[in-house]
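Source file: data16.pdb. Holds: PDB, C-alpha atoms and all ligand atoms.
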ATOM      1  CA  MET D  39       1.068 -24.377   6.946
ATOM      2  CA  VAL D  40       1.853 -21.282   4.894
ATOM      3  CA  ASN D  41       0.605 -18.053   6.465
ATOM      4  CA  ALA D  42      -1.656 -16.476   3.847
ATOM      5  CA  THR D  43      -3.223 -13.819   6.093
ATOM      6  CA  GLY D  44      -4.032 -10.896   3.848
ATOM      7  CA  ARG D  45      -4.874  -7.261   4.344
ATOM      8  CA  LEU D  46      -6.755  -4.351   2.880
ATOM      9  CA  ALA D  47      -4.722  -1.192   3.545
ATOM     10  CA  PRO D  48      -6.528   1.818   2.101
ATOM     11  CA  SER D  49      -5.320   5.365   2.713
ATOM     12  CA  PRO D  50      -8.229   7.646   3.667
ATOM     13  CA  SER D  51      -7.179  10.411   1.293
ATOM     14  CA  GLY D  52     -10.295  10.434  -0.890
ATOM     15  CA  ARG D  53     -13.049   8.191  -2.196
ATOM     16  CA  LEU D  54     -12.187   4.759  -3.572
ATOM     17  CA  HIS D  55     -12.367   4.232  -7.333
ATOM     18  CA  ILE D  56     -12.681   1.176  -9.577
ATOM     19  CA  GLY D  57      -8.908   0.599  -9.407
ATOM     20  CA  HIS D  58      -8.997   0.329  -5.617
ATOM     21  CA  ALA D  59     -12.026  -1.938  -5.853
ATOM     22  CA  ARG D  60     -10.176  -4.320  -8.180
ATOM     23  CA  THR D  61      -7.072  -4.429  -5.967
ATOM     24  CA  PHE D  62      -9.077  -4.990  -2.778
ATOM     25  CA  LEU D  63     -11.232  -7.656  -4.381
ATOM     26  CA  VAL D  64      -8.136  -9.536  -5.547
ATOM     27  CA  ALA D  65      -6.600  -9.195  -2.062
ATOM     28  CA  TYR D  66      -9.796 -10.572  -0.535
ATOM     29  CA  TRP D  67     -10.195 -13.407  -3.065
ATOM     30  CA  ARG D  68      -6.548 -14.385  -2.775
ATOM     31  CA  ALA D  69      -6.661 -14.704   1.026
ATOM     32  CA  ARG D  70     -10.088 -16.305   1.257
ATOM     33  CA  SER D  71      -9.384 -18.780  -1.547
ATOM     34  CA  GLN D  72      -6.494 -20.044   0.599
ATOM     35  CA  GLY D  73      -8.766 -20.220   3.644
ATOM     36  CA  ALA D  74      -6.932 -17.297   5.266
ATOM     37  CA  PRO D  75      -8.258 -14.221   7.092
ATOM     38  CA  VAL D  76      -8.119 -10.652   5.774
ATOM     39  CA  VAL D  77      -7.588  -7.681   8.075
ATOM     40  CA  LEU D  78      -8.540  -4.074   7.407
ATOM     41  CA  ARG D  79      -5.998  -1.444   8.373
ATOM     42  CA  ILE D  80      -6.753   2.139   7.448
ATOM     43  CA  GLU D  81      -3.452   3.923   6.791
ATOM     44  CA  ASP D  82      -4.108   7.392   8.122
ATOM     45  CA  LEU D  83      -0.580   8.555   8.927
ATOM     46  CA  ASP D  84      -0.307  11.184   6.226
ATOM     47  CA  ALA D  85      -2.031  13.977   8.145
ATOM     48  CA  GLY D  86      -1.848  16.348   5.186
ATOM     49  CA  ARG D  87      -3.953  14.098   2.941
ATOM     50  CA  CYS D  88      -5.977  11.915   5.302
ATOM     51  CA  SER D  89      -9.052  12.947   7.290
ATOM     52  CA  PRO D  90     -11.694  11.315   9.537
ATOM     53  CA  GLU D  91     -14.281  12.194   6.909
ATOM     54  CA  HIS D  92     -12.368  10.123   4.353
ATOM     55  CA  VAL D  93     -12.120   7.245   6.859
ATOM     56  CA  ASP D  94     -15.940   7.147   6.893
ATOM     57  CA  GLY D  95     -16.002   7.355   3.094
ATOM     58  CA  VAL D  96     -13.558   4.463   2.684
ATOM     59  CA  LEU D  97     -15.537   2.287   5.111
ATOM     60  CA  GLU D  98     -18.757   3.103   3.296
ATOM     61  CA  ASP D  99     -17.191   2.237  -0.075
ATOM     62  CA  LEU D 100     -15.760  -1.089   1.144
ATOM     63  CA  GLN D 101     -19.076  -2.037   2.735
ATOM     64  CA  TRP D 102     -21.015  -1.084  -0.386
ATOM     65  CA  LEU D 103     -18.739  -3.326  -2.421
ATOM     66  CA  GLY D 104     -19.626  -6.175  -0.050
ATOM     67  CA  LEU D 105     -16.085  -6.768   1.201
ATOM     68  CA  GLU D 106     -15.723  -8.495   4.532
ATOM     69  CA  TRP D 107     -12.779  -8.536   6.904
ATOM     70  CA  ASP D 108     -11.843 -10.477   9.998
ATOM     71  CA  GLY D 109     -11.824  -8.865  13.414
ATOM     72  CA  PRO D 110     -12.270  -5.157  14.042
ATOM     73  CA  TRP D 111     -10.669  -2.757  11.578
ATOM     74  CA  ARG D 112      -8.046  -0.438  12.940
ATOM     75  CA  LEU D 113      -6.311   2.842  12.211
ATOM     76  CA  GLN D 114      -2.590   2.785  11.537
ATOM     77  CA  SER D 115      -2.185   5.808  13.827
ATOM     78  CA  ASP D 116      -3.105   3.671  16.839
ATOM     79  CA  GLY D 117       0.319   1.999  16.562
ATOM     80  CA  LEU D 118       2.366   5.151  16.102
ATOM     81  CA  GLN D 119       4.566   4.689  19.157
ATOM     82  CA  ALA D 120       5.572   1.157  18.194
ATOM     83  CA  ILE D 121       6.518   2.357  14.704
ATOM     84  CA  ARG D 122       8.635   5.215  16.061
ATOM     85  CA  ALA D 123      10.318   2.852  18.519
ATOM     86  CA  ARG D 124      11.537   0.714  15.592
ATOM     87  CA  ALA D 125      13.110   3.767  13.963
ATOM     88  CA  HIS D 126      14.926   4.689  17.166
ATOM     89  CA  ALA D 127      16.128   1.121  17.594
ATOM     90  CA  LEU D 128      17.761   1.354  14.148
ATOM     91  CA  LEU D 129      19.388   4.648  15.184
ATOM     92  CA  GLU D 130      20.824   3.038  18.298
ATOM     93  CA  ARG D 131      22.280   0.235  16.198
ATOM     94  CA  GLY D 132      23.967   2.745  13.855
ATOM     95  CA  LEU D 133      21.662   1.737  10.996
ATOM     96  CA  ALA D 134      19.939   5.117  10.822
ATOM     97  CA  TYR D 135      21.119   8.697  11.211
ATOM     98  CA  PRO D 136      19.760  12.199  11.849
ATOM     99  CA  CYS D 137      19.309  14.353   8.775
ATOM    100  CA  VAL D 138      18.679  18.098   8.730
ATOM    101  CA  CYS D 139      18.111  18.465   4.979
ATOM    102  CA  THR D 140      15.029  20.247   3.658
ATOM    103  CA  ARG D 141      11.591  19.549   5.014
ATOM    104  CA  LYS D 142       9.986  19.309   1.602
ATOM    105  CA  GLU D 143      12.051  16.365   0.501
ATOM    106  CA  VAL D 144      11.443  14.453   3.708
ATOM    107  CA  ALA D 145       7.721  15.158   3.644
ATOM    108  CA  LEU D 146       7.487  13.407   0.293
ATOM    109  CA  ALA D 147       8.220  10.141   2.029
ATOM    110  CA  GLN D 148       5.138  10.214   4.226
ATOM    111  CA  SER D 149       2.693   8.931   1.658
ATOM    112  CA  ALA D 150       2.922   5.657  -0.163
ATOM    113  CA  PRO D 151       4.817   6.700  -3.313
ATOM    114  CA  HIS D 152       2.704   6.144  -6.379
ATOM    115  CA  GLY D 153       5.280   7.184  -8.936
ATOM    116  CA  ASP D 154       5.850  10.791  -7.883
ATOM    117  CA  GLU D 155       9.103  10.422  -6.042
ATOM    118  CA  GLY D 156      11.665  13.115  -5.574
ATOM    119  CA  PRO D 157      15.360  12.840  -6.404
ATOM    120  CA  ARG D 158      17.780  10.318  -4.884
ATOM    121  CA  TYR D 159      19.100  11.457  -1.502
ATOM    122  CA  PRO D 160      22.855  11.889  -1.878
ATOM    123  CA  GLY D 161      23.676  11.058   1.742
ATOM    124  CA  THR D 162      24.609  14.612   2.781
ATOM    125  CA  CYS D 163      24.018  14.038   6.502
ATOM    126  CA  ARG D 164      25.330  10.466   6.733
ATOM    127  CA  GLY D 165      28.110  10.279   9.342
ATOM    128  CA  ARG D 166      27.716  13.961  10.160
ATOM    129  CA  TYR D 167      26.029  13.885  13.580
ATOM    130  CA  ALA D 168      26.597  11.436  16.410
ATOM    131  CA  SER D 169      23.072  11.777  17.798
ATOM    132  CA  MET D 170      19.746  13.544  17.388
ATOM    133  CA  GLU D 171      20.840  16.041  20.063
ATOM    134  CA  THR D 172      24.080  16.849  18.251
ATOM    135  CA  ALA D 173      22.215  17.350  14.973
ATOM    136  CA  ARG D 174      19.661  19.576  16.699
ATOM    137  CA  ALA D 175      22.312  21.665  18.457
ATOM    138  CA  ALA D 176      24.497  22.040  15.370
ATOM    139  CA  SER D 177      21.741  22.949  12.919
ATOM    140  CA  GLY D 178      19.102  24.583  15.081
ATOM    141  CA  ARG D 179      16.606  22.334  13.306
ATOM    142  CA  GLU D 180      14.636  19.300  14.311
ATOM    143  CA  PRO D 181      16.290  16.357  12.481
ATOM    144  CA  ALA D 182      14.606  13.663  10.429
ATOM    145  CA  LEU D 183      15.869  10.096  10.554
ATOM    146  CA  ARG D 184      17.220   8.253   7.508
ATOM    147  CA  LEU D 185      18.143   4.630   6.993
ATOM    148  CA  VAL D 186      21.716   3.675   6.097
ATOM    149  CA  VAL D 187      20.972   1.851   2.839
ATOM    150  CA  PRO D 188      23.695  -0.581   1.750
ATOM    151  CA  PRO D 189      24.765  -0.600  -1.903
ATOM    152  CA  GLY D 190      23.770  -3.475  -4.191
ATOM    153  CA  PRO D 191      20.557  -5.204  -5.178
ATOM    154  CA  ILE D 192      17.796  -6.218  -2.774
ATOM    155  CA  GLU D 193      16.015  -9.295  -4.060
ATOM    156  CA  PHE D 194      12.438 -10.442  -3.714
ATOM    157  CA  VAL D 195       9.892 -12.440  -5.671
ATOM    158  CA  ASP D 196       6.516 -11.144  -6.768
ATOM    159  CA  GLN D 197       3.985 -13.874  -7.452
ATOM    160  CA  LEU D 198       2.813 -12.205 -10.634
ATOM    161  CA  HIS D 199       5.930 -10.380 -11.828
ATOM    162  CA  GLY D 200       8.587 -12.903 -10.843
ATOM    163  CA  ALA D 201      12.036 -12.334  -9.326
ATOM    164  CA  ARG D 202      13.153  -8.713  -8.884
ATOM    165  CA  ALA D 203      16.486  -7.228  -7.873
ATOM    166  CA  ILE D 204      16.467  -3.516  -7.079
ATOM    167  CA  ASP D 205      19.420  -1.410  -6.008
ATOM    168  CA  VAL D 206      17.736   0.833  -3.441
ATOM    169  CA  GLN D 207      20.864   2.878  -2.771
ATOM    170  CA  ALA D 208      21.207   3.681  -6.473
ATOM    171  CA  GLN D 209      17.486   4.341  -6.826
ATOM    172  CA  VAL D 210      16.619   6.559  -3.839
ATOM    173  CA  GLY D 211      19.625   6.478  -1.528
ATOM    174  CA  ASP D 212      19.203   6.629   2.264
ATOM    175  CA  PHE D 213      15.431   6.949   2.486
ATOM    176  CA  PRO D 214      13.606   8.535   5.457
ATOM    177  CA  LEU D 215      12.187   6.595   8.388
ATOM    178  CA  LEU D 216      10.850   9.580  10.334
ATOM    179  CA  THR D 217      10.144  13.093   9.130
ATOM    180  CA  ARG D 218      11.426  16.110  11.021
ATOM    181  CA  ALA D 219       8.047  16.220  12.789
ATOM    182  CA  GLY D 220       8.647  12.646  13.973
ATOM    183  CA  GLU D 221       6.026  11.164  11.641
ATOM    184  CA  PRO D 222       6.917   7.713  10.287
ATOM    185  CA  SER D 223       7.449   7.262   6.568
ATOM    186  CA  TYR D 224       5.103   4.942   4.696
ATOM    187  CA  GLN D 225       7.937   2.400   4.193
ATOM    188  CA  LEU D 226       8.603   2.003   7.906
ATOM    189  CA  ALA D 227       4.958   2.107   8.965
ATOM    190  CA  VAL D 228       3.825  -0.552   6.515
ATOM    191  CA  VAL D 229       6.640  -2.930   7.490
ATOM    192  CA  VAL D 230       6.027  -2.613  11.233
ATOM    193  CA  ASP D 231       2.278  -2.940  10.768
ATOM    194  CA  ASP D 232       2.388  -5.908   8.416
ATOM    195  CA  ALA D 233       4.452  -7.698  11.081
ATOM    196  CA  ARG D 234       2.106  -6.570  13.864
ATOM    197  CA  ASP D 235      -0.925  -7.786  11.912
ATOM    198  CA  GLY D 236       0.708 -11.137  11.110
ATOM    199  CA  ILE D 237       0.418 -10.606   7.350
ATOM    200  CA  GLY D 238       1.663 -13.547   5.290
ATOM    201  CA  GLU D 239       0.824 -12.164   1.892
ATOM    202  CA  VAL D 240       0.770  -8.532   0.758
ATOM    203  CA  VAL D 241      -1.602  -7.978  -2.168
ATOM    204  CA  ARG D 242      -1.695  -4.371  -3.384
ATOM    205  CA  GLY D 243      -1.506  -2.056  -6.385
ATOM    206  CA  GLY D 244       1.232  -2.570  -8.970
ATOM    207  CA  ASP D 245       2.546   0.958  -8.460
ATOM    208  CA  LEU D 246       4.108  -0.225  -5.195
ATOM    209  CA  LEU D 247       6.115  -3.055  -6.792
ATOM    210  CA  GLU D 248       9.361  -1.051  -6.936
ATOM    211  CA  VAL D 249       9.252   0.181  -3.326
ATOM    212  CA  THR D 250       8.883  -3.393  -2.087
ATOM    213  CA  ALA D 251      12.691  -3.637  -2.134
ATOM    214  CA  ARG D 252      12.866  -0.909   0.526
ATOM    215  CA  GLN D 253      10.418  -2.797   2.675
ATOM    216  CA  VAL D 254      12.294  -6.079   2.252
ATOM    217  CA  LEU D 255      15.504  -4.311   3.351
ATOM    218  CA  LEU D 256      13.754  -2.933   6.442
ATOM    219  CA  GLN D 257      12.356  -6.382   7.257
ATOM    220  CA  GLN D 258      15.858  -7.833   7.070
ATOM    221  CA  LEU D 259      17.341  -5.115   9.288
ATOM    222  CA  LEU D 260      14.518  -5.358  11.829
ATOM    223  CA  GLY D 261      14.576  -9.158  11.917
ATOM    224  CA  LEU D 262      11.005  -9.410  10.590
ATOM    225  CA  ALA D 263       9.762 -12.063   8.186
ATOM    226  CA  THR D 264       9.180 -10.907   4.606
ATOM    227  CA  PRO D 265       5.616 -11.716   3.525
ATOM    228  CA  ARG D 266       4.889 -12.984   0.034
ATOM    229  CA  HIS D 267       3.985 -10.286  -2.479
ATOM    230  CA  LEU D 268       1.441  -9.957  -5.226
ATOM    231  CA  HIS D 269       1.194  -6.648  -7.053
ATOM    232  CA  VAL D 270      -2.051  -6.268  -8.915
ATOM    233  CA  PRO D 271      -1.770  -4.430 -12.268
ATOM    234  CA  LEU D 272      -3.249  -0.968 -12.181
ATOM    235  CA  VAL D 273      -6.555  -0.104 -13.757
ATOM    236  CA  VAL D 274      -6.345   2.462 -16.549
ATOM    237  CA  ASP D 275      -9.141   4.278 -18.362
ATOM    238  CA  ALA D 276     -10.026   3.883 -22.046
ATOM    239  CA  GLN D 277      -7.167   6.296 -22.934
ATOM    240  CA  GLY D 278      -4.648   4.322 -20.902
ATOM    241  CA  VAL D 279      -4.475   6.899 -18.082
ATOM    242  CA  ARG D 280      -4.066   5.596 -14.539
ATOM    243  CA  LEU D 281      -7.276   6.030 -12.558
ATOM    244  CA  ALA D 282      -5.463   7.579  -9.608
ATOM    245  CA  LYS D 283      -4.756  10.527 -11.900
ATOM    246  CA  ARG D 284      -8.249  10.865 -13.315
ATOM    247  CA  SER D 285     -10.964   8.998 -11.498
ATOM    248  CA  ALA D 286     -13.879  11.427 -11.993
ATOM    249  CA  GLY D 287     -16.978   9.386 -12.738
ATOM    250  CA  LEU D 288     -15.246   6.191 -11.664
ATOM    251  CA  THR D 289     -15.414   6.421  -7.891
ATOM    252  CA  LEU D 290     -17.559   3.857  -6.126
ATOM    253  CA  ALA D 291     -19.641   6.674  -4.633
ATOM    254  CA  GLU D 292     -20.436   7.941  -8.141
ATOM    255  CA  LEU D 293     -21.311   4.478  -9.483
ATOM    256  CA  ARG D 294     -23.647   4.001  -6.540
ATOM    257  CA  ALA D 295     -25.220   7.420  -7.091
ATOM    258  CA  ARG D 296     -25.903   6.396 -10.705
ATOM    259  CA  GLY D 297     -27.770   3.353  -9.432
ATOM    260  CA  ILE D 298     -25.191   0.770 -10.536
ATOM    261  CA  ALA D 299     -25.386  -2.240  -8.224
ATOM    262  CA  ALA D 300     -22.140  -3.211  -6.490
ATOM    263  CA  GLU D 301     -22.732  -6.806  -7.616
ATOM    264  CA  ARG D 302     -22.301  -5.743 -11.223
ATOM    265  CA  LEU D 303     -18.968  -4.113 -10.503
ATOM    266  CA  VAL D 304     -17.870  -7.225  -8.614
ATOM    267  CA  ALA D 305     -18.881  -9.410 -11.568
ATOM    268  CA  ALA D 306     -17.030  -7.156 -14.028
ATOM    269  CA  VAL D 307     -13.885  -7.245 -11.881
ATOM    270  CA  ALA D 308     -14.189 -11.019 -11.562
ATOM    271  CA  ALA D 309     -14.371 -11.300 -15.361
ATOM    272  CA  SER D 310     -11.271  -9.066 -15.657
ATOM    273  CA  CYS D 311      -9.483 -11.537 -13.369
ATOM    274  CA  GLY D 312     -10.231 -14.390 -15.749
ATOM    275  CA  MET D 313     -13.151 -15.848 -13.819
ATOM    276  CA  ALA D 314     -15.861 -17.395 -15.918
ATOM    277  CA  PRO D 315     -18.957 -15.193 -16.163
ATOM    278  CA  ARG D 316     -21.450 -15.853 -13.443
ATOM    279  CA  ARG D 317     -24.522 -13.980 -12.312
ATOM    280  CA  ALA D 318     -23.645 -10.760 -10.545
ATOM    281  CA  GLY D 319     -22.914 -11.478  -6.904
ATOM    282  CA  ALA D 320     -21.187 -10.561  -3.676
ATOM    283  CA  PRO D 321     -17.402 -10.864  -3.386
ATOM    284  CA  ARG D 322     -17.783 -14.036  -1.338
ATOM    285  CA  ASP D 323     -19.615 -15.729  -4.224
ATOM    286  CA  TYR D 324     -16.385 -15.700  -6.283
ATOM    287  CA  VAL D 325     -13.912 -17.029  -3.730
ATOM    288  CA  ASP D 326     -14.004 -20.570  -5.089
ATOM    289  CA  LEU D 327     -13.483 -19.373  -8.689
ATOM    290  CA  PHE D 328     -10.362 -17.291  -8.050
ATOM    291  CA  ARG D 329      -7.123 -18.620  -9.566
ATOM    292  CA  LEU D 330      -3.874 -16.683  -9.387
ATOM    293  CA  GLU D 331      -2.759 -18.248 -12.704
ATOM    294  CA  GLN D 332      -5.620 -16.476 -14.486
ATOM    295  CA  LEU D 333      -4.597 -13.013 -13.355
ATOM    296  CA  SER D 334      -2.990 -10.923 -16.095
ATOM    297  CA  SER D 335       0.205  -9.036 -15.260
ATOM    298  CA  THR D 336      -0.538  -6.075 -17.549
ATOM    299  CA  PRO D 337      -2.598  -2.916 -16.823
ATOM    300  CA  GLN D 338      -6.342  -3.390 -17.165
ATOM    301  CA  ALA D 339      -8.477  -0.957 -19.134
ATOM    302  CA  PHE D 340     -11.694  -0.606 -17.226
ATOM    303  CA  ASP D 341     -14.387   2.016 -17.275
ATOM    304  CA  SER D 342     -17.901   2.534 -16.036
ATOM    305  CA  GLU D 343     -19.256   1.258 -19.374
ATOM    306  CA  ALA D 344     -17.700  -2.114 -18.650
ATOM    307  CA  VAL D 345     -19.630  -2.176 -15.386
ATOM    308  CA  SER D 346     -22.924  -0.955 -16.831
ATOM    309  CA  PHE D 347     -22.951  -3.594 -19.565
ATOM    310  CA  TYR D 348     -22.394  -6.484 -17.252
ATOM    311  CA  PRO D 349     -25.567  -8.578 -16.819
ATOM    312  CA  ALA D 350     -27.392  -8.073 -13.554
TER
HETATM  313  N1  LIG D 401      -2.095   2.672   2.048
HETATM  314  C1  LIG D 401      -1.369   2.535   0.822
HETATM  315  C2  LIG D 401      -2.122   3.204  -0.305
HETATM  316  O1  LIG D 401      -3.289   3.346  -0.275
HETATM  317  C3  LIG D 401      -1.153   1.089   0.420
HETATM  318  C4  LIG D 401      -0.024   0.535   1.146
HETATM  319  C5  LIG D 401       0.212  -0.927   0.927
HETATM  320  O2  LIG D 401      -0.685  -1.656   0.500
HETATM  321  O3  LIG D 401       1.316  -1.346   1.249
HETATM  322  O4  LIG D 401      -1.511   3.607  -1.239
END

Write the structure described by the file as structure tokens, please.
Amino acid sequence: MVNATGRLAPSPSGRLHIGHARTFLVAYWRARSQGAPVVLRIEDLDAGRCSPEHVDGVLEDLQWLGLEWDGPWRLQSDGLQAIRARAHALLERGLAYPCVCTRKEVALAQSAPHGDEGPRYPGTCRGRYASMETARAASGREPALRLVVPPGPIEFVDQLHGARAIDVQAQVGDFPLLTRAGEPSYQLAVVVDDARDGIGEVVRGGDLLEVTARQVLLQQLLGLATPRHLHVPLVVDAQGVRLAKRSAGLTLAELRARGIAAERLVAAVAASCGMAPRRAGAPRDYVDLFRLEQLSSTPQAFDSEAVSFYPA
């Protein structure tokens, strides 16, 4: 039987907005409609942006929405050692190397990139140092660790966007696995954790479609199975602006404060996913109506008006 285990992987870097709600609902409906479990992993590795207070906020938002998950939720930081061990294993196999280039550039890799990436890394430190110790001694700096990215396209199939071929070396070059502080990059962490959590299908925001190639490459190098992928088109506001950039008034906490029932948001999202109108309900009430074929592959304009108008 196909493994369709899904996951919700929010980063606790702020309150969730309507765009997150839509992505998480689709992730939940997709897994449950295939009779598969959904796990909740809170991705708290980016210490600069994540905080325990936001972890509470994210949990509150997911619970308000009525989402359910299987087993206890966990923090990504509880598996930090296992993630680092994978990076060092790649170093030992000659598939990664120490890099002493600027801190700022490496730090950029710690968060899931949502379209704000820095320049391609030109490979300055590749082949330069035989070990972490050599790099440290020669530069007087703590080295980061970068992956040796082969040239040529990495192929994968997205269930909504079809076959993709992305040349990771041409796009970003040798991308980081660990920062100079030893913190894992998002790319490495998500790959190790999806394997650890037994994820069969990754359903997430469309802004991560491009970086999937990096994750597929890591899965191949680490001997891990590549899950299936489904990238959910982003939600934009009435002016076509991505909600991540301007979500004031559209966070779940604000909708709740305005007295909008979660069931109405769920119904509006269900309608935006092509499900026939139904009385407002909990996420579980829509599982049997969800059809992947009805999901549009283009960005969805969505605002709080759309939610308010939906019949209660
Ligand atoms: N935690 C990431 C984010 O919120 C999502 C990572 C993923 O789904 O792979 O942007």

Of D:Val93, D:Ala227, D:Ala47, D:Ala276, the one nearest to ligand LIG 401 (chain D) when counting all atoms listed in the file is D:Ala47

Pick the closest to Tyr324 of chain D from D:Glu130, D:Glu248, D:Glu221, D:Glu301: which is it, counting all atoms listed in the file?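 Of D:Glu130, D:Glu248, D:Glu221, D:Glu301, the one nearest Tyr324 of chain D is D:Glu301, counting all atoms listed in the file.
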
Best match for closeness to ligand LIG 401 (chain D) among D:Arg164, D:Arg294, D:Arg87, D:Arg70, counting only C-alpha atoms and all ligand atoms: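 Nearest candidate to ligand LIG 401 (chain D) out of D:Arg164, D:Arg294, D:Arg87, D:Arg70: D:Arg87.
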
Name the residues captured by the PyMOL selection byres (((not hetatm)) within 9 of (chain D and resi 401)) when it is applied to the shown file; answer as number ranges by chain. D: 45-51, 58, 79-82, 149-152, 224-225, 228-229, 232, 240-243, 245-246, 250

Listed atoms of segment 40-48 of chain D, axis-aligned box, 4 Å per side: centre and edge lengths to one decimal in Å, as lines of an AutoDock Vina configuration file?
center_x = -2.5
center_y = -9.7
center_z = 4.3
size_x = 16.6
size_y = 31.1
size_z = 12.4

Separation of atom CA of Gly319 of chain D from atom CA of Arg302 of chain D, in Å and rounded to one decimal: 7.2 Å

Which polymer residues have any atom within 12 Å of an atom of Trp67 of chain D, counting all atoms listed in the file, with same-chain residues fewer than 2 positions away left out, as a ChimeraX atom specification? /D:42-46,59-65,69-76,105-107,241,304,307-308,311,313,320-330,333

Name all residues at most 10 Å from Ala282 of chain D (count all atoms listed in the file; drop same-chain ones fewer than 5 positions away) and give them as a PyMOL selection string. chain D and resi 54-58+152+272-274

Quick one: apply the PyMOL selection byres (((chain D and resi 188-199) around 12) and not hetatm) to the file and drop the selected residues here as an mmCIF file with C-alpha atoms, in the frame of the given file.
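The resulting file, expr_35.cif, is shown below:
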data_model
loop_
_atom_site.group_PDB
_atom_site.id
_atom_site.type_symbol
_atom_site.label_atom_id
_atom_site.label_comp_id
_atom_site.auth_asym_id
_atom_site.auth_seq_id
_atom_site.Cartn_x
_atom_site.Cartn_y
_atom_site.Cartn_z
ATOM 1 C CA ARG D 68 -6.548 -14.385 -2.775
ATOM 2 C CA LEU D 133 21.662 1.737 10.996
ATOM 3 C CA ALA D 134 19.939 5.117 10.822
ATOM 4 C CA GLY D 161 23.676 11.058 1.742
ATOM 5 C CA LEU D 185 18.143 4.630 6.993
ATOM 6 C CA VAL D 186 21.716 3.675 6.097
ATOM 7 C CA VAL D 187 20.972 1.851 2.839
ATOM 8 C CA GLY D 200 8.587 -12.903 -10.843
ATOM 9 C CA ALA D 201 12.036 -12.334 -9.326
ATOM 10 C CA ARG D 202 13.153 -8.713 -8.884
ATOM 11 C CA ALA D 203 16.486 -7.228 -7.873
ATOM 12 C CA ILE D 204 16.467 -3.516 -7.079
ATOM 13 C CA ASP D 205 19.420 -1.410 -6.008
ATOM 14 C CA VAL D 206 17.736 0.833 -3.441
ATOM 15 C CA GLN D 207 20.864 2.878 -2.771
ATOM 16 C CA ALA D 208 21.207 3.681 -6.473
ATOM 17 C CA GLN D 209 17.486 4.341 -6.826
ATOM 18 C CA VAL D 210 16.619 6.559 -3.839
ATOM 19 C CA GLY D 211 19.625 6.478 -1.528
ATOM 20 C CA ASP D 212 19.203 6.629 2.264
ATOM 21 C CA PHE D 213 15.431 6.949 2.486
ATOM 22 C CA GLU D 239 0.824 -12.164 1.892
ATOM 23 C CA VAL D 240 0.770 -8.532 0.758
ATOM 24 C CA VAL D 241 -1.602 -7.978 -2.168
ATOM 25 C CA ARG D 242 -1.695 -4.371 -3.384
ATOM 26 C CA GLY D 243 -1.506 -2.056 -6.385
ATOM 27 C CA GLY D 244 1.232 -2.570 -8.970
ATOM 28 C CA LEU D 246 4.108 -0.225 -5.195
ATOM 29 C CA LEU D 247 6.115 -3.055 -6.792
ATOM 30 C CA GLU D 248 9.361 -1.051 -6.936
ATOM 31 C CA VAL D 249 9.252 0.181 -3.326
ATOM 32 C CA THR D 250 8.883 -3.393 -2.087
ATOM 33 C CA ALA D 251 12.691 -3.637 -2.134
ATOM 34 C CA ARG D 252 12.866 -0.909 0.526
ATOM 35 C CA GLN D 253 10.418 -2.797 2.675
ATOM 36 C CA VAL D 254 12.294 -6.079 2.252
ATOM 37 C CA LEU D 255 15.504 -4.311 3.351
ATOM 38 C CA LEU D 256 13.754 -2.933 6.442
ATOM 39 C CA GLN D 257 12.356 -6.382 7.257
ATOM 40 C CA GLN D 258 15.858 -7.833 7.070
ATOM 41 C CA LEU D 259 17.341 -5.115 9.288
ATOM 42 C CA THR D 264 9.180 -10.907 4.606
ATOM 43 C CA PRO D 265 5.616 -11.716 3.525
ATOM 44 C CA ARG D 266 4.889 -12.984 0.034
ATOM 45 C CA HIS D 267 3.985 -10.286 -2.479
ATOM 46 C CA LEU D 268 1.441 -9.957 -5.226
ATOM 47 C CA HIS D 269 1.194 -6.648 -7.053
ATOM 48 C CA VAL D 270 -2.051 -6.268 -8.915
ATOM 49 C CA PRO D 271 -1.770 -4.430 -12.268
ATOM 50 C CA ARG D 329 -7.123 -18.620 -9.566
ATOM 51 C CA LEU D 330 -3.874 -16.683 -9.387
ATOM 52 C CA GLU D 331 -2.759 -18.248 -12.704
ATOM 53 C CA GLN D 332 -5.620 -16.476 -14.486
ATOM 54 C CA LEU D 333 -4.597 -13.013 -13.355
ATOM 55 C CA SER D 334 -2.990 -10.923 -16.095
ATOM 56 C CA SER D 335 0.205 -9.036 -15.260
ATOM 57 C CA THR D 336 -0.538 -6.075 -17.549
#

Expanded to explicit residues, what is the PyMOL selection byres (((chain D and resi 117-121) around 12) and not hetatm) for this file, as a ChimeraX atom specification? /D:79-84,112-116,122-128,215-216,220-235,260

Check the smallest atom-to-atom distance from each of D:Gly86, D:Pro136, D:Gly156, D:Asp99 to Glu292 of chain D using all atoms listed in the file, then report the winner.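 Counting all atoms listed in the file, the residue closest to Glu292 of chain D is D:Asp99.
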
Rounded to one decimal, what separation in Å do you get between atom CA of Leu288 of chain D and atom CA of Arg53 of chain D?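 Answer for the atom CA of Leu288 of chain D to atom CA of Arg53 of chain D separation: 9.9 Å.
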
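Atom CA of Ala318 of chain D sits 11.6 Å away from atom CA of Ile298 of chain D.
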
Go through D:Gly153, D:Gly132, D:Gly278, D:Gly261 and flag the residue nearest Ala339 of chain D, using only C-alpha atoms for the distances.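 Of all the options, D:Gly278 lies closest to Ala339 of chain D.
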
Best match for closeness to Gly52 of chain D among D:Gln338, D:Ala286, D:Arg296, D:Pro181, counting only C-alpha atoms: D:Ala286
